[in-house]
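Here is the file structure-v1.cif (mmCIF, C-alpha atoms and all ligand atoms).
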```cif
data_protein
#
loop_
_atom_site.label_atom_id
_atom_site.label_comp_id
_atom_site.auth_asym_id
_atom_site.auth_seq_id
_atom_site.Cartn_x
_atom_site.Cartn_y
_atom_site.Cartn_z
CA MET A 1 0.95 13.77 -9.76
CA LYS A 2 -0.50 11.22 -12.15
CA ALA A 3 0.71 7.70 -12.80
CA GLY A 4 0.02 6.53 -16.34
CA LEU A 5 -0.84 2.96 -17.30
CA VAL A 6 1.18 2.06 -20.37
CA GLY A 7 2.10 -0.95 -22.46
CA PHE A 8 0.97 -2.62 -25.64
CA ALA A 9 -2.72 -2.84 -26.52
CA GLY A 10 -4.29 -5.88 -24.91
CA SER A 11 -1.81 -6.21 -22.03
CA GLY A 12 -4.63 -5.49 -19.57
CA LYS A 13 -4.25 -1.77 -18.78
CA SER A 14 -7.98 -1.08 -18.70
CA THR A 15 -8.51 -4.18 -16.56
CA VAL A 16 -5.85 -2.83 -14.16
CA PHE A 17 -7.55 0.57 -14.22
CA GLU A 18 -10.89 -0.94 -13.19
CA TRP A 19 -9.27 -3.24 -10.62
CA LEU A 20 -7.44 -0.39 -8.88
CA SER A 21 -10.04 2.37 -9.20
CA GLY A 22 -13.35 0.50 -9.18
CA GLU A 23 -14.36 2.61 -12.19
CA LYS A 24 -15.34 1.10 -15.50
CA PRO A 25 -13.17 2.24 -18.41
CA ASP A 26 -15.25 4.41 -20.71
CA PRO A 27 -14.71 3.46 -24.37
CA ALA A 28 -15.43 7.07 -25.38
CA LYS A 29 -12.40 8.24 -23.39
CA VAL A 30 -9.94 5.68 -24.71
CA GLN A 31 -8.08 7.99 -27.07
CA GLN A 32 -7.58 10.97 -24.79
CA GLY A 33 -7.05 8.87 -21.66
CA GLN A 34 -9.22 8.41 -18.56
CA THR A 35 -8.23 9.47 -15.06
CA ALA A 36 -9.40 8.17 -11.68
CA MET A 37 -8.51 9.30 -8.16
CA ILE A 38 -7.76 6.33 -5.91
CA ASP A 39 -7.29 6.16 -2.14
CA VAL A 40 -3.89 4.79 -1.15
CA PRO A 41 -4.73 2.67 1.88
CA ASP A 42 -2.34 2.62 4.82
CA ASP A 43 -2.54 0.21 7.78
CA ARG A 44 -0.60 2.66 9.94
CA LEU A 45 -3.29 5.29 9.48
CA ARG A 46 -5.97 2.66 10.12
CA ALA A 47 -4.30 1.87 13.46
CA ILE A 48 -4.00 5.55 14.40
CA THR A 49 -7.65 6.19 13.50
CA ALA A 50 -8.85 3.19 15.51
CA HIS A 51 -7.05 4.65 18.50
CA TYR A 52 -8.15 8.30 18.05
CA LYS A 53 -11.79 7.54 17.22
CA PRO A 54 -12.26 10.90 15.46
CA LYS A 55 -15.69 12.29 14.49
CA LYS A 56 -15.12 11.04 10.96
CA PRO A 57 -14.66 7.36 11.82
CA GLU A 58 -12.94 6.33 8.58
CA PRO A 59 -9.38 7.45 7.86
CA VAL A 60 -8.96 9.89 4.99
CA PHE A 61 -6.32 8.47 2.69
CA ALA A 62 -3.98 10.29 0.33
CA LYS A 63 -4.89 9.78 -3.30
CA LEU A 64 -3.16 8.51 -6.38
CA ALA A 65 -4.28 9.77 -9.78
CA LEU A 66 -4.22 6.95 -12.31
CA LEU A 67 -4.45 7.48 -16.05
CA ASP A 68 -5.58 4.75 -18.46
CA THR A 69 -4.16 5.17 -21.96
CA PRO A 70 -4.89 3.54 -25.33
CA GLY A 71 -1.66 1.52 -25.40
CA LEU A 72 0.85 1.01 -28.14
CA LEU A 73 0.47 -0.87 -31.40
CA THR A 74 2.92 -3.51 -32.56
CA ASP A 75 2.10 -3.20 -36.27
CA GLU A 76 1.10 0.45 -36.90
CA ARG A 77 4.09 1.75 -34.96
CA LYS A 78 4.01 5.15 -36.62
CA ASP A 79 1.07 6.14 -34.42
CA ASN A 80 2.88 5.29 -31.18
CA PRO A 81 4.48 8.70 -30.48
CA ARG A 82 1.01 10.27 -30.59
CA ARG A 83 -0.33 7.58 -28.28
CA LEU A 84 2.58 8.20 -25.91
CA ALA A 85 2.01 11.96 -25.95
CA ILE A 86 -1.00 11.45 -23.64
CA LEU A 87 1.52 10.41 -21.00
CA ARG A 88 3.76 13.46 -21.16
CA GLU A 89 2.13 15.07 -18.13
CA ALA A 90 2.30 11.85 -16.08
CA GLY A 91 4.82 11.78 -13.24
CA ALA A 92 5.46 8.04 -13.49
CA LEU A 93 4.83 5.18 -15.90
CA VAL A 94 3.25 1.89 -14.87
CA VAL A 95 4.21 -0.58 -17.59
CA VAL A 96 1.59 -3.33 -17.71
CA LEU A 97 3.00 -6.56 -19.15
CA ASP A 98 0.84 -9.37 -20.49
CA GLY A 99 1.68 -12.30 -18.22
CA PHE A 100 -1.56 -14.17 -18.81
CA SER A 101 -1.15 -15.12 -22.46
CA ARG A 102 2.59 -14.64 -23.06
CA ASP A 103 5.86 -15.60 -21.44
CA ASP A 104 8.16 -13.04 -23.09
CA LEU A 105 7.96 -10.50 -20.26
CA ALA A 106 11.48 -9.05 -20.52
CA GLU A 107 11.05 -8.73 -24.29
CA GLN A 108 7.76 -6.84 -23.84
CA LEU A 109 9.47 -4.38 -21.52
CA ARG A 110 12.41 -3.90 -23.91
CA ARG A 111 10.07 -3.26 -26.82
CA PHE A 112 8.03 -0.80 -24.81
CA ARG A 113 11.15 1.11 -23.80
CA GLU A 114 12.26 1.23 -27.39
CA GLU A 115 9.01 2.98 -28.33
CA CYS A 116 9.53 5.53 -25.55
CA GLN A 117 13.09 6.17 -26.67
CA LEU A 118 11.94 6.73 -30.25
CA ALA A 119 9.19 9.13 -29.12
CA ASP A 120 11.68 11.07 -26.98
CA LEU A 121 14.22 11.12 -29.80
CA GLU A 122 11.61 12.66 -32.10
CA ILE A 123 11.08 15.48 -29.58
CA VAL A 124 14.79 16.05 -29.06
CA LEU A 125 15.50 16.15 -32.82
CA ASN A 126 12.65 18.64 -33.39
CA ARG A 127 14.05 20.87 -30.71
CA ILE A 128 17.58 20.58 -32.13
CA SER A 129 16.47 21.82 -35.53
CA ARG A 130 14.58 24.69 -33.93
CA VAL A 131 17.55 25.80 -31.84
CA GLU A 132 19.86 25.51 -34.85
CA THR A 133 17.59 27.76 -36.89
CA GLN A 134 17.55 30.25 -34.06
CA LEU A 135 21.36 30.23 -33.87
CA LYS A 136 21.59 31.19 -37.54
CA LYS A 137 19.75 34.45 -36.93
CA ARG A 138 21.97 37.48 -36.65
CA ALA A 139 22.12 40.35 -34.22
CA ARG A 140 20.97 38.60 -31.09
CA PRO A 141 22.15 39.35 -27.55
CA ALA A 142 25.24 37.34 -26.61
CA LYS A 143 23.42 35.95 -23.60
CA GLU A 144 20.69 34.39 -25.74
CA ILE A 145 23.23 32.86 -28.09
CA GLU A 146 25.11 31.43 -25.15
CA ALA A 147 21.95 29.89 -23.71
CA ASP A 148 21.03 28.38 -27.08
CA GLU A 149 24.50 26.92 -27.48
CA ALA A 150 24.35 25.37 -24.03
CA GLU A 151 20.95 23.90 -24.79
CA LEU A 152 22.15 22.54 -28.11
CA ALA A 153 25.08 20.78 -26.43
CA LEU A 154 22.69 19.24 -23.91
CA LEU A 155 20.28 18.15 -26.64
CA ARG A 156 23.15 16.48 -28.50
CA ARG A 157 24.01 14.46 -25.40
CA LEU A 158 20.38 13.36 -25.11
CA GLU A 159 20.25 12.54 -28.81
CA GLN A 160 23.33 10.37 -28.51
CA ALA A 161 21.95 8.39 -25.54
CA LEU A 162 18.56 7.86 -27.18
CA GLU A 163 20.15 6.89 -30.51
CA GLN A 164 22.11 4.24 -28.67
CA GLY A 165 18.92 2.78 -27.22
CA GLN A 166 19.39 4.23 -23.76
CA PRO A 167 16.96 6.27 -21.68
CA ALA A 168 17.52 10.01 -21.31
CA SER A 169 18.12 9.40 -17.60
CA VAL A 170 21.63 7.97 -18.30
CA VAL A 171 22.79 11.45 -19.33
CA GLY A 172 22.81 12.52 -15.68
CA LEU A 173 21.35 16.01 -15.65
CA ASN A 174 22.30 18.70 -13.17
CA PRO A 175 19.43 20.80 -11.74
CA GLU A 176 20.04 23.59 -14.26
CA GLU A 177 19.92 21.17 -17.21
CA GLU A 178 16.92 19.42 -15.76
CA LYS A 179 15.10 22.75 -15.75
CA THR A 180 16.09 23.51 -19.35
CA ILE A 181 14.42 20.35 -20.67
CA ARG A 182 11.61 19.95 -18.13
CA SER A 183 8.97 21.22 -20.54
CA PHE A 184 9.79 18.42 -23.04
CA GLN A 185 8.47 15.95 -20.45
CA LEU A 186 10.66 13.15 -21.76
CA LEU A 187 9.18 9.73 -21.04
CA THR A 188 12.52 8.07 -20.43
CA LEU A 189 13.21 10.43 -17.53
CA LYS A 190 10.11 9.33 -15.63
CA PRO A 191 10.14 6.72 -12.87
CA GLU A 192 9.07 3.34 -14.22
CA ILE A 193 7.09 0.68 -12.36
CA VAL A 194 6.57 -2.71 -14.00
CA LEU A 195 3.34 -4.60 -13.32
CA ILE A 196 2.97 -8.18 -14.53
CA ASN A 197 -0.66 -9.00 -15.23
CA ARG A 198 -0.79 -12.69 -14.30
CA GLY A 199 -3.44 -15.16 -15.39
CA GLU A 200 -5.12 -17.61 -13.05
CA HIS A 201 -2.98 -20.49 -14.34
CA ASN A 202 0.35 -18.86 -13.41
CA LEU A 203 -0.49 -16.91 -10.27
CA GLY A 204 2.42 -17.89 -8.12
CA GLU A 205 5.18 -17.86 -10.72
CA ALA A 206 8.35 -16.04 -9.72
CA VAL A 207 9.34 -12.85 -11.50
CA PRO A 208 11.84 -13.79 -14.22
CA THR A 209 15.36 -12.84 -13.11
CA GLU A 210 15.99 -11.09 -16.43
CA LEU A 211 13.08 -8.76 -15.74
CA CYS A 212 14.34 -8.07 -12.21
CA SER A 213 17.67 -7.00 -13.61
CA LEU A 214 15.98 -4.71 -16.14
CA SER A 215 13.75 -2.78 -13.76
CA ARG A 216 14.00 -1.52 -10.20
CA ILE A 217 10.36 -2.09 -9.27
CA VAL A 218 8.51 -5.17 -10.50
CA LEU A 219 5.03 -5.94 -9.12
CA GLN A 220 2.72 -8.74 -10.10
CA ALA A 221 -0.91 -9.66 -9.56
CA PRO A 222 -3.68 -11.82 -11.08
CA VAL A 223 -5.58 -8.70 -12.06
CA LYS A 224 -8.62 -10.08 -13.83
CA LEU A 225 -9.06 -12.83 -11.27
CA GLU A 226 -9.00 -10.37 -8.38
CA LEU A 227 -11.46 -8.15 -10.22
CA GLU A 228 -13.81 -11.12 -10.53
CA LEU A 229 -13.28 -12.18 -6.91
CA ARG A 230 -14.47 -8.77 -5.80
CA THR A 231 -17.92 -9.38 -7.24
CA LEU A 232 -18.40 -12.45 -5.03
CA PRO A 233 -19.98 -12.33 -1.55
CA PRO A 234 -17.23 -12.42 1.13
CA ASP A 235 -17.80 -16.03 2.27
CA GLU A 236 -17.77 -17.37 -1.31
CA ARG A 237 -14.69 -15.31 -1.99
CA GLU A 238 -12.91 -16.93 0.97
CA VAL A 239 -13.69 -20.43 -0.26
CA PHE A 240 -12.63 -19.58 -3.80
CA MET A 241 -9.38 -18.01 -2.62
CA GLN A 242 -8.58 -21.08 -0.53
CA GLU A 243 -9.18 -23.34 -3.51
CA LEU A 244 -6.81 -21.22 -5.59
CA GLY A 245 -4.22 -21.14 -2.82
CA LEU A 246 -4.44 -17.34 -2.62
CA GLN A 247 -3.55 -15.95 0.81
CA VAL A 248 -4.14 -12.27 0.25
CA LEU A 249 -5.40 -9.98 -2.47
CA GLN A 250 -2.67 -7.91 -4.12
CA ARG A 251 -4.61 -4.74 -4.86
CA GLU A 252 -3.49 -2.63 -1.89
CA ALA A 253 0.13 -3.74 -2.16
CA VAL A 254 0.17 -2.86 -5.86
CA LEU A 255 -1.36 0.57 -5.20
CA ARG A 256 1.33 1.29 -2.63
CA GLY A 257 4.00 -0.11 -4.96
CA ILE A 258 2.93 2.38 -7.63
CA PHE A 259 2.63 5.28 -5.18
CA TYR A 260 6.08 4.79 -3.63
CA GLY A 261 7.61 3.74 -6.95
CA ALA A 262 6.52 7.11 -8.32
CA GLY A 263 8.63 8.81 -5.64
CA ARG A 264 5.74 9.74 -3.36
CA GLN A 265 5.37 9.24 0.37
CA VAL A 266 2.91 10.26 3.11
CA PHE A 267 2.73 12.13 6.36
CA PHE A 268 -0.16 11.95 8.79
CA THR A 269 -2.27 14.52 10.62
CA VAL A 270 -4.33 13.43 13.60
CA GLY A 271 -7.14 15.14 15.48
CA GLU A 272 -10.59 14.97 16.93
CA ASP A 273 -12.23 15.59 13.57
CA GLU A 274 -10.31 13.26 11.33
CA CYS A 275 -7.09 11.33 10.85
CA ARG A 276 -5.56 11.76 7.47
CA SER A 277 -2.63 10.89 5.21
CA TRP A 278 -1.21 13.40 2.75
CA ALA A 279 0.85 12.71 -0.35
CA ILE A 280 4.15 14.55 -0.78
CA PRO A 281 7.27 13.90 -2.86
CA VAL A 282 10.22 12.21 -1.18
CA GLY A 283 12.55 14.97 0.00
CA ALA A 284 9.80 17.53 0.66
CA THR A 285 10.34 19.99 3.49
CA VAL A 286 7.87 20.47 6.32
CA VAL A 287 6.83 23.81 4.79
CA GLU A 288 5.98 22.05 1.52
CA ALA A 289 4.01 19.53 3.57
CA ALA A 290 2.18 22.40 5.29
CA ALA A 291 1.34 23.88 1.87
CA CYS A 292 -0.49 20.75 0.81
CA ILE A 293 -2.82 21.11 3.81
CA HIS A 294 -3.35 24.84 3.29
CA THR A 295 -1.27 27.61 1.69
CA ASP A 296 -1.84 29.73 4.82
CA LEU A 297 -0.11 27.13 6.97
CA ALA A 298 2.97 27.35 4.76
CA GLU A 299 3.02 31.14 4.57
CA LYS A 300 2.58 31.60 8.31
CA PHE A 301 4.62 28.57 9.30
CA VAL A 302 6.32 28.91 12.69
CA ARG A 303 7.38 25.39 13.61
CA ALA A 304 6.11 21.81 13.56
CA ASN A 305 5.75 19.10 16.15
CA VAL A 306 6.85 15.82 14.60
CA ILE A 307 6.86 12.24 15.76
CA SER A 308 7.78 9.22 13.66
CA TYR A 309 5.20 6.47 13.24
CA ALA A 310 7.47 3.91 14.93
CA ASP A 311 7.93 6.15 17.98
CA PHE A 312 4.21 6.93 18.11
CA LEU A 313 3.38 3.22 18.01
CA ALA A 314 5.91 2.56 20.79
CA CYS A 315 4.01 5.15 22.87
CA ASN A 316 0.71 3.44 22.16
CA PHE A 317 -0.36 6.50 20.13
CA SER A 318 -0.31 8.68 23.24
CA GLU A 319 0.92 12.22 22.51
CA LYS A 320 1.42 12.74 26.23
CA GLU A 321 3.72 9.76 26.53
CA ALA A 322 5.59 10.81 23.37
CA LYS A 323 6.22 14.22 24.97
CA THR A 324 7.40 12.86 28.33
CA ARG A 325 9.71 10.40 26.59
CA GLY A 326 11.11 13.20 24.45
CA LEU A 327 9.99 11.55 21.20
CA MET A 328 7.93 14.48 19.99
CA ARG A 329 10.40 16.75 18.20
CA THR A 330 10.12 20.44 17.40
CA GLU A 331 11.26 21.05 13.83
CA GLY A 332 11.88 24.20 11.81
CA LYS A 333 11.35 25.18 8.16
CA THR A 334 14.12 23.07 6.68
CA TYR A 335 13.08 19.76 8.21
CA ILE A 336 12.78 17.03 5.54
CA VAL A 337 9.62 15.05 6.21
CA GLN A 338 10.02 11.27 6.51
CA ASP A 339 7.42 8.73 5.39
CA GLY A 340 4.92 8.08 8.19
CA ASP A 341 5.75 11.18 10.24
CA ILE A 342 2.86 12.49 12.31
CA VAL A 343 3.04 16.25 11.78
CA HIS A 344 1.36 19.08 13.61
CA ILE A 345 1.98 22.50 12.08
CA LEU A 346 2.03 25.61 14.23
CA ALA A 347 1.35 28.80 12.30
CA SER A 348 1.08 32.43 13.36
CA SER A 349 -2.37 33.92 13.21
N1 LIG A 401 -7.53 -14.61 -19.36
C1 LIG A 401 -7.19 -13.36 -18.97
N2 LIG A 401 -7.58 -12.34 -19.74
C2 LIG A 401 -7.24 -11.09 -19.36
C3 LIG A 401 -6.48 -10.83 -18.21
N3 LIG A 401 -6.30 -9.49 -18.11
C4 LIG A 401 -6.93 -8.95 -19.15
N4 LIG A 401 -7.51 -9.91 -19.93
C5 LIG A 401 -8.30 -9.74 -21.16
O1 LIG A 401 -7.49 -9.21 -22.17
C6 LIG A 401 -8.25 -8.30 -23.00
C7 LIG A 401 -7.56 -6.94 -23.05
O2 LIG A 401 -7.61 -6.36 -21.76
P1 LIG A 401 -7.66 -4.77 -21.57
O3 LIG A 401 -7.63 -4.53 -20.12
O4 LIG A 401 -8.78 -4.20 -22.35
O5 LIG A 401 -6.26 -4.40 -22.23
P2 LIG A 401 -5.70 -2.96 -22.67
O6 LIG A 401 -5.78 -2.91 -24.14
O7 LIG A 401 -4.27 -2.98 -22.22
O8 LIG A 401 -6.50 -1.92 -21.98
C8 LIG A 401 -9.64 -8.24 -22.38
O9 LIG A 401 -10.48 -9.09 -23.09
C9 LIG A 401 -9.42 -8.73 -20.96
O10 LIG A 401 -10.58 -9.33 -20.44
C10 LIG A 401 -6.08 -11.95 -17.41
O11 LIG A 401 -5.42 -11.82 -16.38
N5 LIG A 401 -6.47 -13.19 -17.84
MG MG A 402 -7.55 -0.32 -22.71
#
```
Could you render the structure from this file as structure tokens?
Amino acid sequence: MKAGLVGFAGSGKSTVFEWLSGEKPDPAKVQQGQTAMIDVPDDRLRAITAHYKPKKPEPVFAKLALLDTPGLLTDERKDNPRRLAILREAGALVVVLDGFSRDDLAEQLRRFREECQLADLEIVLNRISRVETQLKKRARPAKEIEADEAELALLRRLEQALEQGQPASVVGLNPEEEKTIRSFQLLTLKPEIVLINRGEHNLGEAVPTELCSLSRIVLQAPVKLELELRTLPPDEREVFMQELGLQVLQREAVLRGIFYGAGRQVFFTVGEDECRSWAIPVGATVVEAAACIHTDLAEKFVRANVISYADFLACNFSEKEAKTRGLMRTEGKTYIVQDGDIVHILASS
């Protein structure tokens, strides 16, 4: 799953990309988009690893794929659907708002959404005309006609929502309908995370209430400042941070905000070799979790031993104590993994 950085040109997407990934944006890759794989740090896994002291001393963190994109234009708007097309395969959108040189944050978000709605509408209208042409053809199996008619009705509902300036998500799709339109990869169906790129002069400003009411997840950070702070030696950085009144750096919190905002979560595996976190979608079963370790583990799945992070912590990370206190559960195929579960899969050989 990829999260795509989006917003208007100049809002600081490439600065965010470098800040989060440590990779310099490559100007040659601007138009097709540039991807980086980023560790999603987790203090829980750090604590587990410190206790287990595995052969690999550093925890192995789950990764987030982040995509930098060229960004939208405010004048040449005709090119925006093409620019947005890069994001179709992304599983979530991180809307970067310019909070360092502007104070119209809610307006920036509204304008960005409008561009997404227009791009989605274009796709829906194209599909409508194609299905209509198909329906005019004669001598087709009744089943195909029925399917086309159902799709057309669904497309009309989407058209109506988008025409009214609403995201496709308001239509409320059932699983069958969701499947029908999945390949269109509509932008306004994707989870949205808002990130305010603050300047050094307005670091501590509260998120405007209007923006909070517009979006479910709003993060903010002084992106460029933190990027610059990183280049300083640790002691100088401390002094500088104190002068600025900065308690902590926001990078890790923002990474986690994006990861969880995109509907992801983690489970942990522990052992003598390594301690590791794995990314799975919220709602995944333990067999799906097993599959991300190895397909064999999923195919030959027998059962799993599971303990929640909170219970494990309460047992001082002792598996023995967890067992005697009855906190280590045995779960079958249908178990829905919870964030922070420590999972041990048992498979047949
Ligand atoms: N003063 C200031 N400038 C910033 C900040 N963030 C980004 N910029 C500058 O804004 C310009 C555009 O940033 P960039 O990351 O390339 O934006 P993009 O077009 O969204 O990728 C660059 O010159 C950045 O150095 C910030 O927090 N403060
Ligand atoms: Mg850029």
(message) Can you pull out every residue with an atom within 6 Å of ligand LIG 401 (chain A)? Use all atoms listed in the file and format it as a PyMOL selection string.
(response) chain A and resi 9-15+100+197-199+222-224
(request) Write out as a ChimeraX atom specification the residues lying within 9 Å of A:Ile342, counting only C-alpha atoms and excluding same-chain residues fewer than 5 positions away. (result) /A:267-270,305-309,312
Counting all atoms listed in the file, what are the residues of chain A within 10 Å of ligand MG 402 (chain A), and for each of them which pair of atoms is the nearest and at what distance in Å, to one decimal? Sort the table by chain and rising number, as a Markdown table.
```
| residue | atom | partner | partner_atom | distance |
| --- | --- | --- | --- | --- |
| A:Leu5 | CA | A:MG402 | MG | 9.2 |
| A:Val6 | CA | A:MG402 | MG | 9.3 |
| A:Gly7 | CA | A:MG402 | MG | 9.7 |
| A:Phe8 | CA | A:MG402 | MG | 9.3 |
| A:Ala9 | CA | A:MG402 | MG | 6.6 |
| A:Gly10 | CA | A:MG402 | MG | 6.8 |
| A:Ser11 | CA | A:MG402 | MG | 8.3 |
| A:Gly12 | CA | A:MG402 | MG | 6.7 |
| A:Lys13 | CA | A:MG402 | MG | 5.3 |
| A:Ser14 | CA | A:MG402 | MG | 4.1 |
| A:Thr15 | CA | A:MG402 | MG | 7.3 |
| A:Val16 | CA | A:MG402 | MG | 9.1 |
| A:Phe17 | CA | A:MG402 | MG | 8.5 |
| A:Pro25 | CA | A:MG402 | MG | 7.5 |
| A:Asp26 | CA | A:MG402 | MG | 9.3 |
| A:Pro27 | CA | A:MG402 | MG | 8.3 |
| A:Lys29 | CA | A:MG402 | MG | 9.9 |
| A:Val30 | CA | A:MG402 | MG | 6.8 |
| A:Gln31 | CA | A:MG402 | MG | 9.4 |
| A:Gly33 | CA | A:MG402 | MG | 9.3 |
| A:Gln34 | CA | A:MG402 | MG | 9.8 |
| A:Asp68 | CA | A:MG402 | MG | 6.9 |
| A:Thr69 | CA | A:MG402 | MG | 6.5 |
| A:Pro70 | CA | A:MG402 | MG | 5.4 |
| A:Gly71 | CA | A:MG402 | MG | 6.7 |
```
(request) Rank A:Gly326, A:Pro233, A:Pro41, A:Gly4 by their smallest atom-to-atom distance to A:Ala279, using all atoms listed in the file, and report the top residue only. (result) A:Pro41
(message) Rounded to one decimal, what separation in Å do you get between atom CA of A:Ala310 and atom CA of A:Ala262?
(response) 23.5 Å
(request) Give me, please, the distance in Å between atom CA of A:Gln117 and atom CA of A:Gly283, quoted to one decimal. (result)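 Interatomic distance here is 28.1 Å.
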(message) I need the residue nearest A:Val94 from this list: A:Gln247, A:Ala28, A:Ile258, A:Glu228. Use only C-alpha atoms for the distance.
(response)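 That would be A:Ile258, the residue with the smallest distance to A:Val94.
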